[in-house]
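**Student:** What follows is a single structure, and I will ask about it in a moment.
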Amino acid sequence: ASPLDGLESRFEQSIADIMGQMHKALKPLTHRSSVSRVSPAARALFIVGQPIDVTRSPMDFPQALTRLKDRKASCKDADSVLLPLDVPPKGLDALVNGLAQTTNCDGLIVTRPHKESILRSCTHLTAAARAVGCCNVVRFHKGAMIGTNMDGDGFVGGLIQQRGANAVRNQRCLLVGAGGAARAVAYGLVQNGARSVCVVNRTKARAQALAARIPGVRALDALPSSLNDVDLLIQCTSLGHNASDPDPVPRDLLRPPLVCCEVVH
């Protein structure tokens, strides 16, 4: 039997367990923390993207890890550090190949614009990564590089944490944007029982491609003139990183009881 037999299902289950714990760990955070001292025995993790200075993950990671160790017995001896790397597209393959040769790097968190191109470096993909065609976590394991996508689970998990167990079930959802994050969120919404999931994008062909890839998703030709038939509005474009960015949805459409979310932080 291959040493990788059953690894995908165990990896997906461990990711699900850790996601639940991380949601609980991050909830009480009230301030940023930084790494003041790194043990020479620490396991290294990197978050790679460009630009990378918009991510909060390295600042939140130390406190989240501390709380995770307190809550989960199997993680009590964890010694890890998460560091950001600003990586241009042309440098991604060389970076991943180099890090895979190290003995103290456990993997990567992947953000834009690398979520699709990282697939070519992965030796194995979980069901979620295969379904959405991109991944945001790569685990290095005994020479293998296992890619998964936690964006959908992360979004749905956060929504349930904030709004209760039925935050997604039977909800009418509209996604604005059709990139990798939107595909993952759409997949997560469908998997968690949304009544309907529609997507609209500036480039209609991309919305149609997303709908064709994720069963249960419907592409719209344009943003509706009214959102009265929408329960959840999810902003999945890159708009919002810059103060000068325009609103992705006209503000006069945003009226209670509509729940508005976005994946940009």
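Chains: A, B, ... in order of the structure tokens. Residues: from 1 per chain. Ligands: from 1, in order shown.
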Write out as a list in words each polymer residue whose atoms come within 6 Å of segment 175-187 of chain A, counting only C-alpha atoms; drop sequence neighbours fewer than 3 positions from it.

**Tutor:**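 The residues satisfying every condition are Val132, Asp151, Gly152, Val190, Val199, Val200, Asn201, Arg206, Ala207, Ile234, Gln235, Cys236 and Thr237 of chain A.
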
**Student:** Enumerate, in order of chain and increasing residue number, the residues of segment 108-219 of chain A with an atom no farther than 8 Å from segment 81-92 of chain A, each with its shortest atom pair and distance in Å to one decimal, counting only C-alpha atoms, as a Markdown table.

**Tutor:**
```
| residue | atom | partner | partner_atom | distance |
| --- | --- | --- | --- | --- |
| A:Pro113 | CA | A:Pro89 | CA | 7.4 |
| A:His114 | CA | A:Pro89 | CA | 7.0 |
| A:Ile118 | CA | A:Leu92 | CA | 7.7 |
```

**Student:** Need the shell around Ala78 of chain A: protein/DNA/RNA residues with any atom at most 12 Å away, counting only C-alpha atoms. Skip same-chain ones fewer than 4 positions apart. Format as a PDB file with N, CA, C and O atoms, in the first residue's frame?

**Tutor:**
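Written out: out22.pdb:
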```pdb
ATOM      1  N   SER A  39      11.876  30.190  17.893  1.00  0.00           N
ATOM      2  CA  SER A  39      12.715  29.066  18.298  1.00  0.00           C
ATOM      3  C   SER A  39      13.435  28.486  17.091  1.00  0.00           C
ATOM      4  O   SER A  39      12.860  28.390  16.002  1.00  0.00           O
ATOM      5  N   ALA A  41      13.927  25.563  16.580  1.00  0.00           N
ATOM      6  CA  ALA A  41      13.253  24.301  16.258  1.00  0.00           C
ATOM      7  C   ALA A  41      11.877  24.525  15.647  1.00  0.00           C
ATOM      8  O   ALA A  41      11.161  23.565  15.360  1.00  0.00           O
ATOM      9  N   ALA A  42      11.497  25.784  15.438  1.00  0.00           N
ATOM     10  CA  ALA A  42      10.159  26.089  14.945  1.00  0.00           C
ATOM     11  C   ALA A  42       9.933  25.518  13.558  1.00  0.00           C
ATOM     12  O   ALA A  42      10.834  25.503  12.711  1.00  0.00           O
ATOM     13  N   ARG A  43       8.700  25.070  13.319  1.00  0.00           N
ATOM     14  CA  ARG A  43       8.279  24.670  11.988  1.00  0.00           C
ATOM     15  C   ARG A  43       7.870  25.931  11.239  1.00  0.00           C
ATOM     16  O   ARG A  43       7.173  26.789  11.773  1.00  0.00           O
ATOM     17  N   ALA A  44       8.327  26.055  10.014  1.00  0.00           N
ATOM     18  CA  ALA A  44       8.084  27.272   9.234  1.00  0.00           C
ATOM     19  C   ALA A  44       6.890  27.099   8.299  1.00  0.00           C
ATOM     20  O   ALA A  44       6.724  26.061   7.652  1.00  0.00           O
ATOM     21  N   PRO A  62       0.297  34.333  15.724  1.00  0.00           N
ATOM     22  CA  PRO A  62       0.858  33.945  17.024  1.00  0.00           C
ATOM     23  C   PRO A  62      -0.199  33.762  18.111  1.00  0.00           C
ATOM     24  O   PRO A  62      -0.183  32.757  18.831  1.00  0.00           O
ATOM     25  N   ALA A  64      -3.417  33.276  17.658  1.00  0.00           N
ATOM     26  CA  ALA A  64      -4.315  32.184  17.264  1.00  0.00           C
ATOM     27  C   ALA A  64      -3.671  30.839  17.583  1.00  0.00           C
ATOM     28  O   ALA A  64      -4.348  29.919  18.066  1.00  0.00           O
ATOM     29  N   LEU A  65      -2.370  30.699  17.341  1.00  0.00           N
ATOM     30  CA  LEU A  65      -1.677  29.446  17.636  1.00  0.00           C
ATOM     31  C   LEU A  65      -1.664  29.190  19.135  1.00  0.00           C
ATOM     32  O   LEU A  65      -1.875  28.057  19.587  1.00  0.00           O
ATOM     33  N   THR A  66      -1.438  30.234  19.923  1.00  0.00           N
ATOM     34  CA  THR A  66      -1.434  30.083  21.377  1.00  0.00           C
ATOM     35  C   THR A  66      -2.782  29.587  21.875  1.00  0.00           C
ATOM     36  O   THR A  66      -2.864  28.662  22.702  1.00  0.00           O
ATOM     37  N   ARG A  67      -3.854  30.181  21.383  1.00  0.00           N
ATOM     38  CA  ARG A  67      -5.188  29.759  21.804  1.00  0.00           C
ATOM     39  C   ARG A  67      -5.516  28.365  21.298  1.00  0.00           C
ATOM     40  O   ARG A  67      -6.185  27.591  21.984  1.00  0.00           O
ATOM     41  N   LEU A  68      -5.040  28.034  20.101  1.00  0.00           N
ATOM     42  CA  LEU A  68      -5.256  26.693  19.567  1.00  0.00           C
ATOM     43  C   LEU A  68      -4.562  25.652  20.441  1.00  0.00           C
ATOM     44  O   LEU A  68      -5.126  24.592  20.729  1.00  0.00           O
ATOM     45  N   LYS A  69      -3.351  25.951  20.895  1.00  0.00           N
ATOM     46  CA  LYS A  69      -2.620  25.026  21.763  1.00  0.00           C
ATOM     47  C   LYS A  69      -3.349  24.833  23.086  1.00  0.00           C
ATOM     48  O   LYS A  69      -3.357  23.733  23.650  1.00  0.00           O
ATOM     49  N   ASP A  70      -3.976  25.893  23.577  1.00  0.00           N
ATOM     50  CA  ASP A  70      -4.721  25.796  24.836  1.00  0.00           C
ATOM     51  C   ASP A  70      -5.994  24.978  24.686  1.00  0.00           C
ATOM     52  O   ASP A  70      -6.429  24.304  25.633  1.00  0.00           O
ATOM     53  N   LYS A  72      -6.725  22.630  22.069  1.00  0.00           N
ATOM     54  CA  LYS A  72      -6.624  21.336  21.386  1.00  0.00           C
ATOM     55  C   LYS A  72      -5.376  20.609  21.893  1.00  0.00           C
ATOM     56  O   LYS A  72      -4.246  21.033  21.648  1.00  0.00           O
ATOM     57  N   ALA A  73      -5.583  19.503  22.593  1.00  0.00           N
ATOM     58  CA  ALA A  73      -4.489  18.802  23.244  1.00  0.00           C
ATOM     59  C   ALA A  73      -3.405  18.362  22.263  1.00  0.00           C
ATOM     60  O   ALA A  73      -2.211  18.421  22.571  1.00  0.00           O
ATOM     61  N   SER A  74      -3.812  17.939  21.069  1.00  0.00           N
ATOM     62  CA  SER A  74      -2.824  17.435  20.099  1.00  0.00           C
ATOM     63  C   SER A  74      -1.919  18.535  19.569  1.00  0.00           C
ATOM     64  O   SER A  74      -0.910  18.256  18.936  1.00  0.00           O
TER      65      SER A  74
END
```

**Student:** Could you pull out the alpha helix (DSSP H) residues of segment 53-181 of chain A from DSSP and send them as a PyMOL selection string?

**Tutor:** chain A and resi 57-71+92-99+127-132+151-163+180-181

**Student:** Show me, as a ChimeraX atom specification, the residues that have an atom within 7 Å of segment 227-231 of chain A when counting only C-alpha atoms, minus same-chain residues fewer than 2 positions from it.

**Tutor:** /A:171-174,224-225,233,253,258-259

**Student:** For the selection you just gave me, I'd like the residues written to a file as a PDB file, in the first residue's frame, keeping N, CA and C atoms.

**Tutor:**
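Contents of out23.pdb, as written:
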```pdb
ATOM      1  N   GLN A 171     -30.658  29.797   2.288  1.00  0.00           N
ATOM      2  CA  GLN A 171     -30.490  31.212   1.971  1.00  0.00           C
ATOM      3  C   GLN A 171     -30.319  31.424   0.459  1.00  0.00           C
ATOM      4  N   ARG A 172     -30.802  32.562  -0.021  1.00  0.00           N
ATOM      5  CA  ARG A 172     -30.635  32.952  -1.421  1.00  0.00           C
ATOM      6  C   ARG A 172     -29.393  33.833  -1.502  1.00  0.00           C
ATOM      7  N   CYS A 173     -28.389  33.351  -2.230  1.00  0.00           N
ATOM      8  CA  CYS A 173     -27.066  33.977  -2.198  1.00  0.00           C
ATOM      9  C   CYS A 173     -26.698  34.559  -3.566  1.00  0.00           C
ATOM     10  N   LEU A 174     -26.050  35.711  -3.526  1.00  0.00           N
ATOM     11  CA  LEU A 174     -25.549  36.355  -4.741  1.00  0.00           C
ATOM     12  C   LEU A 174     -24.088  36.710  -4.534  1.00  0.00           C
ATOM     13  N   PRO A 224     -28.719  42.614 -10.493  1.00  0.00           N
ATOM     14  CA  PRO A 224     -30.146  42.962 -10.451  1.00  0.00           C
ATOM     15  C   PRO A 224     -30.356  44.415 -10.012  1.00  0.00           C
ATOM     16  N   SER A 225     -31.434  45.005 -10.459  1.00  0.00           N
ATOM     17  CA  SER A 225     -31.755  46.383 -10.073  1.00  0.00           C
ATOM     18  C   SER A 225     -32.298  46.458  -8.658  1.00  0.00           C
ATOM     19  N   LEU A 233     -25.440  38.642   0.301  1.00  0.00           N
ATOM     20  CA  LEU A 233     -24.661  39.254  -0.772  1.00  0.00           C
ATOM     21  C   LEU A 233     -23.192  39.132  -0.396  1.00  0.00           C
ATOM     22  N   LEU A 253     -28.678  49.874  -3.048  1.00  0.00           N
ATOM     23  CA  LEU A 253     -29.252  48.530  -3.102  1.00  0.00           C
ATOM     24  C   LEU A 253     -29.099  47.787  -1.773  1.00  0.00           C
ATOM     25  N   LEU A 258     -30.964  42.498   4.218  1.00  0.00           N
ATOM     26  CA  LEU A 258     -29.880  41.896   3.429  1.00  0.00           C
ATOM     27  C   LEU A 258     -28.614  41.788   4.274  1.00  0.00           C
ATOM     28  N   VAL A 259     -27.983  40.604   4.236  1.00  0.00           N
ATOM     29  CA  VAL A 259     -26.703  40.386   4.921  1.00  0.00           C
ATOM     30  C   VAL A 259     -25.581  40.550   3.893  1.00  0.00           C
TER      31      VAL A 259
END
```

**Student:** Work out how far apart atom CA of Arg195 of chain A and atom CA of Ala219 of chain A are and give it in Å to one decimal.

**Tutor:**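 Distance between the two atoms: 15.0 Å.
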
**Student:** Residues within 12 Å of Asn97 of chain A, please, as a ChimeraX atom specification. Count only C-alpha atoms; anything in the same chain fewer than 2 positions from it doesn't count.

**Tutor:** /A:91-95,99-102,105,107-108,118,120-123,140,143-145

**Student:** Point out the residue among A:Gly49, A:Gly158, A:Gly188, A:Pro257 with the least atom-to-atom distance to Ala129 of chain A, counting only C-alpha atoms.

**Tutor:**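 Counting only C-alpha atoms, the residue closest to Ala129 of chain A is A:Gly188.
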
**Student:** If I take atom CA of Val54 of chain A and atom CA of Val264 of chain A, how far is one from the other in Å, to one decimal?

**Tutor:**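 Going from atom CA of Val54 of chain A over to atom CA of Val264 of chain A covers 9.3 Å.
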
**Student:** Counting only C-alpha atoms, which residue out of A:Gln63, A:Cys260, A:Ile146, A:Ala212 sits closest to Ala127 of chain A?

**Tutor:** A:Ile146

**Student:** Expressed in Å to a single decimal, how great is the separation between atom CA of Lys142 of chain A and atom CA of Met59 of chain A?

**Tutor:**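 A separation of 28.9 Å between them.
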
**Student:** Can you list, as a PyMOL selection string, all residues belonging to segment 37-233 of chain A that DSSP tags as strand (DSSP E or B)?

**Tutor:** chain A and resi 43-49+80-86+105-110+124-125+137-141+144-148+172-176+196-200+217-219+232-233

**Student:** Compare A:Met150, A:Val263, A:Ala243, A:Val249 by their minimum atom-to-atom distance to Val138 of chain A, counting only C-alpha atoms, and give me the closest one.

**Tutor:**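 For Val138 of chain A, the nearest of the candidates is A:Met150.
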
**Student:** Of the candidates A:Gly216, A:Pro256, A:Pro250, A:Gly154, which shows the shortest atom-to-atom distance to Ala194 of chain A, using only C-alpha atoms?

**Tutor:**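 The closest residue to Ala194 of chain A is A:Gly216.
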
**Student:** Counting only C-alpha atoms, which residue out of A:Cys134, A:Leu220, A:Asn192, A:Ser117 sits closest to Ile160 of chain A?

**Tutor:**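 Ranked by minimum distance to Ile160 of chain A, first place goes to A:Asn192.
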
**Student:** Using only C-alpha atoms, which of A:Arg71, A:Arg213, A:Arg251, A:Arg56 sits nearest Ser226 of chain A?

**Tutor:** A:Arg251
